[in-house]
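> Quick one: structure below, then a few questions.
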Amino acid sequence: MRAPGLLFNRSIPFIKWMLCLVAVTATVACSDQPWNSPYPPEQAGQNILYSSFSARPNHLDPARSYSSNEVVFTGQIYEPPLQYHFLKRPYQLEPLTATQLPEAYYLDAAGQRLPDDAAAEDIAYSVYDITIRPGIRYQPHPAFARDRQGRYRYHALHEQDLDGVNALADFSATGSRELIAADYVYQIKRLAHPRLNSPIFGLMSEYIVGLKEYAATLERALEEKGTDHYRLNLADYPLAGAEVLDRYRYRIRVKGKYPQFLYWLAMPFFAPLPWEADVFYSQPGMKERNITLDWYPVGTGPYMLTVNNPNRQMVLQRNPNFHGETYPREGDPGDVQAGFLEDAGRPMPFIDTVIYSLEKEAIPTWNKFLQGYYDVSGVSSDSFDQAIQIGSGGDIALTPEMQKKGIHLSTAVSTSIFYMGFNMLDPVVGGDGKRARLLRRALSIAMDYEEYISIFRNGRGIAAQSPLPPGIFGYVEGREGINPFVYDWTPQGPRRKPIAEARRLLAEAGYPDGRDIETGKPLVLYFDTTGGTPDSSAQQNWLRKQFARLDIQLQIRNTDYNRFQDKMLKGTAQIFQWGWNADYPDPENFLFLLYGKNGKVEHNGENAANYNNAEYDRLFEQMKNMRNGPERQAVIDRMVAILRRDAPWIFGFHPKDFVLYHDWYHNAKPNLMANNTLKYKRIDPALRELRREEWNRPVVWPLILIVLVLVVSVLPAWIGYRRHENRRVKVVSS
Amino acid sequence: MFAYIIRRALYAIPILVGVNLLTFVLFFVVNSPDDVARMHLGMKRVTPEAIEKWKEEHGYSRPLLYNADASGTGKLTETIFYDKSVRLFAFDFGSSDAGRDIGEDISQRMWPSLAIALPTLLIGLLVNISFSMLLAFFRGTYLDLSGVMLCVVLMSISGLFYIIGGQYLFSKLLHLVPVSGYEPGLQAWRFILLPVVIGVFSGIGSSSRWYRTIFLEEINRDYVRTARAKGLPEVRLLFRHVLKNALVPILTGIVVVLPLLFMGSLIMESFFGIPGLGSYTIEAIQTQDFAIVRAMVFLGSVLYILGLLLTDISYTLVDPRIRLS
């Protein structure tokens, strides 16, 4: 018999559990937001943009940050003197913190001023005087915090002062100060800092006067002082190529004539950095707590990074000290109709907070976009068929499902190229001989990139006719723009030459039916790549098929990226595939990929094909200093003609970016050059809230069904158990 | 027992040195220090000088295992292996190659891993033991046969299918829980519910079959027959006597994995966006961050050795006849 109260006592945990369950269910049911919302209820209806990141940014220090997943953040925080106009095409530079676009003036070797139209070879130095706008202030940051006596509050911390400090937000006081020209000069000096390894130091040391020597000076200073880099006061070490003229003006001196330098001034590398930040982050114990400039940037831009937990979330918040900027009033023809000028003249930024959540896999990211929890999405191969339909004429449209949700599609040919390169040092496919050239041309015809784009990229790309993608000066559209060695012009557009033409070229090269006419042996070529995935296997099979159309055997040498890089550096690869993404919208940034002095093997440059043509190099040196215009176009046309004739590359394709965005997301015009476009974006949080509720109503009945099924499944076991327990032993009397 | 623990701790040292050496060799067979530097410096505009500087700063400029230019013990100590390994034995993981403090990252990321792994283990244990007890109870009947068949079916399905299927059904179609994400604190339950359910469900097949075998072996022993003959109710018999005696092999499997719960689940964390140690390790391998790979392998080895030690100790607790010597 049970003791009185035992039942009650035993039931306490059960009752507790039930109460917890009710409380949890009530919490979910009573909150206004859908059950599957990944965001806290207090964020509902707020002016927050939601996005994701798949790989944590390695560097947020403007001297080091270069990758696309890093500039997504640094572009919104740091403000270089110039920026790209958001709407106008072709891409145009405009002042950001500068009062106007700087005009270079030129000096000869003796320091005498030269006329603006001086010949490039006479110019020893180009000088840029940049004036910044007064009144621009930095974001609130503990590096600027001062005590009542005006001393920096956090500049002389000891290890023990950092007890309980794990993030930047743990510092209670913050401060700010005005942006001055010295901050820009300070950052230019940092590019040369031996401990920072700025990726553009090599390039910039070729141009900015004294930068290479400056790096050596700093190295010596570091050795003498035996200290880390933050302890060096860069103000004590003048740099000849960058000097402060007054509080709001600074000067940069560049060797020779280098008009593309202006584009660099629109990148975070040339954004200002306050010396206070370097001092603050260099203190003992900061690095151990992951509080570094690489993790917590300090800028004057529209946003500041308030949460940097790359394990989960990164949050950009509106900078309360932002100097203010208005949405452009002018754009391209058609921008009014597309709604891109609806916000003309309105103060920016429009969005208060941007939350980037870590998403490692494409499927959850895509599902959350469809549920309205992300505002913008790319289109992966997995979701392509669900999102996009391609008509019989090749026209691209959204599927009815996407249209019903009010999702929009934006496409743009990116300023990139993926090409197949021939190592010009290779005895079979390389060199300037007729035989190798004809072989390369034959292969250029055989490699059907239209088919490649259709099969492997779902039509997201256009076959390249030259190294220059659309949108870059020098690109020619239509009949004049086709590669006549590979395409014929038809009323429908360019058409790849028939394979018979490629076979003819091959025979002329001395390889009839893919056999070497001299030795009688089959022609075997080698493709070096970094493959190994199921996707790459399909692509490699396709490649073999293309070469087999000419009866050429293609041996694929798979390796990892590091080994591949090594082969390229040593020049032991034969045929390879590579790509380039533009740093700035100038033809120089593509045509330099084939400039002889950039050869990979000899100069460790970006000319991976090791192409070397004296005429091309001469034209390149001429072209790179010219202003855009008919004369420059004529030079570019000649250069492109040389490349088409020599065929050091098979001009693969220019990828097409597809971006999907919801109805509540505005000002989505793609700008492939600017990296500070967040401030132009606007969302309608009320509409988003409405849609989320509509799309995410919980469906509970299947759960009840599952419980019922479980009960029904357990029922036979329960009956069996009861029978077993009630079974009586039969006594058989004899 | 104390002497036994000390002895096992001493045995662990050569094992850890061996594991560390193996990790080091395997990593640097695939990647040279130059490759690692190139990976961290990015793909564009990387100069050989920058690579040399990076190696110098991150301690990769010395020879890998043997320094022929050094003298005396320096031949072994002035190497990358020695530099990178010695501190590990003091549990000083140092900084990742990207500059982050590894110890700090581990202390942050182990909680989300535990938030999934611990409930999955405990609930899974409860469900699997109950289910396998049920099968043992109905041994030889059509219920047992159906249960075993169900286990085989559940075992035959890939873990990835459970994850994607679970996300599709409960998050995408029924809108009951978030597809992925994580919030610390009390809000975390909304994000760990589905991974835990999937973790438990996907483990039922293999664990229940194993436990069923153990229970069947135990259920046929003489003491069970005696207890049954004395009229002990079957449920009491199973849960109080059979379970207790079957605990030794079950403990072998469980206690050994207890410390490893910290290490997280690679795929689960990746798909559900859980910022745990599983995804930390995967990221490190992808980005060729040797400092993190080395630290995580070392930590995993230590935890595994600890798990084995705990298993031995737990034997003495569940079976007083066992003595550690």
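Scheme for the structure tokens: letters A, B, ... for chains in order shown; per-chain residue numbers from 1; ligand numbers from 1 in order shown.
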So which residues touch Asp448 of chain A within 10 Å, counting only C-alpha atoms, skipping near sequence neighbours fewer than 3 positions away, as a ChimeraX atom specification?
/A:443-445,451-453,463,496-497,499,542-543,546,652
> Please give the complete set of residues from segment 275-492 of chain A that DSSP, run on the backbone, assigns to helix (DSSP H, G or I), formatted as a PyMOL selection string.
chain A and resi 275-281+287-289+362-370+381-387+400-404+434-446+449-456+479-481
> Identify, on the basis of only C-alpha atoms, every residue whose closest approach to Val17 of chain B does not exceed 9 Å; exclude the query and any residue fewer than 5 positions from it along the same chain; express the result as JSON, numbers by chain.
{"B": [12, 22, 85]}
> What's the 12 Å shell around segment 114-130 of chain A, counting only C-alpha atoms, without same-chain residues fewer than 6 positions away, as an NGL selection string?
:A and (80-82 or 95-108 or 180-182 or 184-185 or 207-210 or 240-262 or 265 or 270 or 621-627)
> So, counting only C-alpha atoms, which residue among A:Asp663, A:Asp586, A:Glu359, A:Glu480 is closest to chain B?
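That would be A:Glu359, the residue with the smallest distance to chain B.
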> Write down as an MDAnalysis selection string the residues belonging to segment 199-436 of chain A that are assigned strand (DSSP E or B) by DSSP computed on the backbone.
chainID A and resid 208 239 242:246 249:255 303:309 313:318 325:326 347:348 353:358 376:378 388:390 396:398 408:413 416:422
> As a compact mmCIF listing (two decimals) with N, CA and C atoms, in the first residue's frame, could you give me every residue of chain B near chain A (at most 7 Å apart, counting only C-alpha atoms)?

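Writing the result to iface-v2.txt gives the following:
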# COMPACT_ATOMS: atom_id res chain seq x y z
N ASP B 35 52.95 27.09 -48.40
CA ASP B 35 51.55 26.96 -48.78
C ASP B 35 50.64 27.59 -47.74
N ARG B 45 48.15 39.20 -55.54
CA ARG B 45 49.29 40.09 -55.28
C ARG B 45 50.11 39.68 -54.06
N VAL B 46 50.40 38.38 -53.97
CA VAL B 46 51.24 37.90 -52.87
C VAL B 46 52.67 37.77 -53.36
N THR B 47 53.59 38.46 -52.71
CA THR B 47 54.98 38.44 -53.14
C THR B 47 55.77 37.42 -52.31
N ALA B 50 56.57 38.75 -48.92
CA ALA B 50 55.46 38.71 -47.96
C ALA B 50 55.34 37.31 -47.35
N ALA B 98 45.67 32.91 -37.95
CA ALA B 98 45.00 34.16 -38.32
C ALA B 98 45.09 35.19 -37.19
N ARG B 100 43.97 34.78 -33.87
CA ARG B 100 42.99 34.67 -32.77
C ARG B 100 43.54 33.78 -31.66
N ASP B 101 43.14 34.10 -30.42
CA ASP B 101 43.56 33.27 -29.30
C ASP B 101 42.73 31.98 -29.29
N SER B 171 11.09 22.55 -40.34
CA SER B 171 11.33 23.99 -40.46
C SER B 171 10.70 24.57 -41.71
N LYS B 172 10.89 23.89 -42.83
CA LYS B 172 10.41 24.48 -44.08
C LYS B 172 8.91 24.24 -44.28
N LEU B 174 6.53 22.65 -41.97
CA LEU B 174 5.63 22.84 -40.82
C LEU B 174 5.89 24.15 -40.08
N HIS B 175 7.01 24.80 -40.35
CA HIS B 175 7.34 26.11 -39.74
C HIS B 175 7.33 26.05 -38.22
N LEU B 176 7.85 24.97 -37.67
CA LEU B 176 7.78 24.82 -36.21
C LEU B 176 9.04 25.32 -35.50
N VAL B 177 10.18 25.17 -36.13
CA VAL B 177 11.44 25.61 -35.52
C VAL B 177 12.30 26.30 -36.58
N PRO B 178 13.26 27.11 -36.16
CA PRO B 178 14.14 27.76 -37.15
C PRO B 178 14.96 26.74 -37.94
N VAL B 179 15.23 27.06 -39.18
CA VAL B 179 16.03 26.17 -40.04
C VAL B 179 17.43 26.02 -39.46
N SER B 180 18.02 27.14 -39.08
CA SER B 180 19.38 27.10 -38.52
C SER B 180 19.60 28.36 -37.72
N GLY B 181 20.70 28.40 -37.01
CA GLY B 181 21.04 29.59 -36.22
C GLY B 181 21.32 29.20 -34.79
N SER B 270 27.52 22.23 -38.73
CA SER B 270 27.65 22.96 -39.99
C SER B 270 26.28 23.26 -40.58
N PHE B 271 25.39 22.28 -40.59
CA PHE B 271 24.07 22.47 -41.21
C PHE B 271 23.15 23.35 -40.36
N GLY B 273 24.19 25.70 -38.32
CA GLY B 273 24.81 26.99 -38.00
C GLY B 273 25.13 27.11 -36.53
N PRO B 275 27.63 27.41 -33.62
CA PRO B 275 29.05 27.81 -33.55
C PRO B 275 29.84 26.99 -32.54
> Do you have the atom CA of Pro33 of chain B-atom CA of Leu64 of chain B distance handy?
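About the pair atom CA of Pro33 of chain B and atom CA of Leu64 of chain B: they are 8.9 Å apart.
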> List as a JSON list (two decimals) with C-alpha atoms, in the first residue's frame the protein and nucleic acid residues near Thr77 of chain B, meaning an atom at most 10 Å away when only C-alpha atoms are counted, but skip any in the same chain fewer than 4 places from it.

[["chain", "number", "residue", "atom", "x", "y", "z"],
["B", 65, "LEU", "CA", 61.72, 18.44, -37.63],
["B", 66, "TYR", "CA", 65.52, 18.61, -37.69],
["B", 67, "ASN", "CA", 67.74, 21.67, -37.75],
["B", 70, "ALA", "CA", 71.96, 24.18, -35.08],
["B", 71, "SER", "CA", 74.25, 22.61, -32.54],
["B", 72, "GLY", "CA", 73.59, 20.18, -29.68],
["B", 73, "THR", "CA", 69.97, 19.87, -28.62],
["B", 81, "PHE", "CA", 57.76, 20.90, -34.43],
["B", 82, "TYR", "CA", 59.37, 21.68, -31.10],
["B", 83, "ASP", "CA", 58.24, 25.32, -31.12],
["B", 86, "VAL", "CA", 55.92, 21.99, -26.32]]
> List as a ChimeraX atom specification the protein and nucleic acid residues near segment 135-146 of chain A, meaning an atom at most 8 Å away when only C-alpha atoms are counted, but skip any in the same chain fewer than 3 places from it.
/A:97,149-155,168,171-179,276-277,279-280,298-301,304,319-323
> Using only C-alpha atoms, find the one residue out of B:Phe201, B:Tyr182, B:Phe137, B:Tyr168 that sits nearest to Cys151 of chain B.
B:Phe201
> Show which residues sit within 9 Å of Phe298 of chain B, as a list in words. Count only C-alpha atoms, and ignore same-chain residues fewer than 3 positions away.
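Within the cut-off, the hits are Leu16, Val19, Asn20, Thr23, Leu88, Phe89, Val293, Arg294, Ala295, Ser301, Val302 and Leu303 of chain B.
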> One number please: atom CA of Tyr616 of chain A to atom CA of Ser205 of chain A, in Å, one decimal.
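Distance between the two atoms: 24.7 Å.
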> Please compute the atom CA of Ile123 of chain B-atom CA of Ile204 of chain B distance, one decimal, in Å.
10.6 Å
> With only C-alpha atoms as the basis for distance, which of A:Val486, A:Ile77, A:Ala502, A:Ile417 is at the shortest distance from Ile462 of chain A?
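Of A:Val486, A:Ile77, A:Ala502, A:Ile417, the one nearest Ile462 of chain A is A:Ile417, counting only C-alpha atoms.
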> Nearest residue to Met263 of chain B out of B:Ser107, B:Ser32, B:Thr316, B:Ser61, using only C-alpha atoms?
B:Ser107
